[in-house]
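**Student:** I have a structure here, written as structure tokens, and I will follow up with some questions on it.
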Amino acid sequence: MSDDVTELAELSQQLTAIDVEPARAERIAFQARGTLGRGPSLLRFGEPVLVTIFTTSFLVWALMKVIEVFS
Amino acid sequence: MVEADERAWVDGLRRGDSPAFDAVFAAYRRRIFGFLVRMTRRRDVAEDLLQEVFLRLAQHARRLDEDTKLGAWLFTVAHRLVISWARAQAVRAQLAGDLPRREPAGGERSPLDAVADSQAQLALERAFAGLAPTYREVALLVGVEGMQPAEVAEILGLRPDAVRQRLARARTQLAESLGEHAPASWRSA
């Protein structure tokens, strides 16, 4: 097994070196640097909260209508 | 890479230092990008996933453990992103009423063909591209990244035995695909 690992490593050294374009790399670094240590954006949680509020309001409204019909 | 550097980078990231982030980005950018290009076989997707890997690092910086191994951490995130991308691709294809799109076979032209300098390099790129993704990621992490099977097992969430098994299969398939370009010891095996 260790021979396999060594030979595979030697073989892999011949693979082409590839890199992201410098301008794109700089944009990625800039964007990531801007969020350093901040955690995920709060906007990420905004959508589920809005959907929950909307759904709950609709269900309460529908329930009240049903009660109104039968009362 | 010196272990002391890595420790200093982790300390810097935990403090939210930009220079530490820049150093990590410079050290790992090519390695992660190479892994992503060879796993997705698409440069545009690899660039997007590279961005996501380093965004996640930046967002998790303050929560990193003191003894975090950055290489393992980054490759674990990259591996998970590749899996999510592949699943999304399959779902998208099914929603389109098509069969899940198969990856291009090793013999077809890949974006890596354009950068291969020689016939041997081209044969090698195609041989790696022709491996099943589960074998390819093990071959890349062990062969290109020089990781030990135990470390790769941790990154991929597998048992070390499973990694060794995949590695042996990858080696066999590579030897078959490479033919005359395979190492002499593989050809005689």
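Letters A, B, ... go to the chains of the structure tokens in the order shown; residues in each chain start at 1; ligands are counted from 1 in the same order.
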Output as a count of residues only all residues of chain A that backbone DSSP marks as helix (DSSP H, G or I).

**Tutor:** 52

**Student:** I need the contact residues of chain A against chain B, so if you could list those with any atom within 8 Å, counting only C-alpha atoms, and return them as a PyMOL selection string, that would help.

**Tutor:** chain A and resi 1+4-20+28-29+31-33+35-40
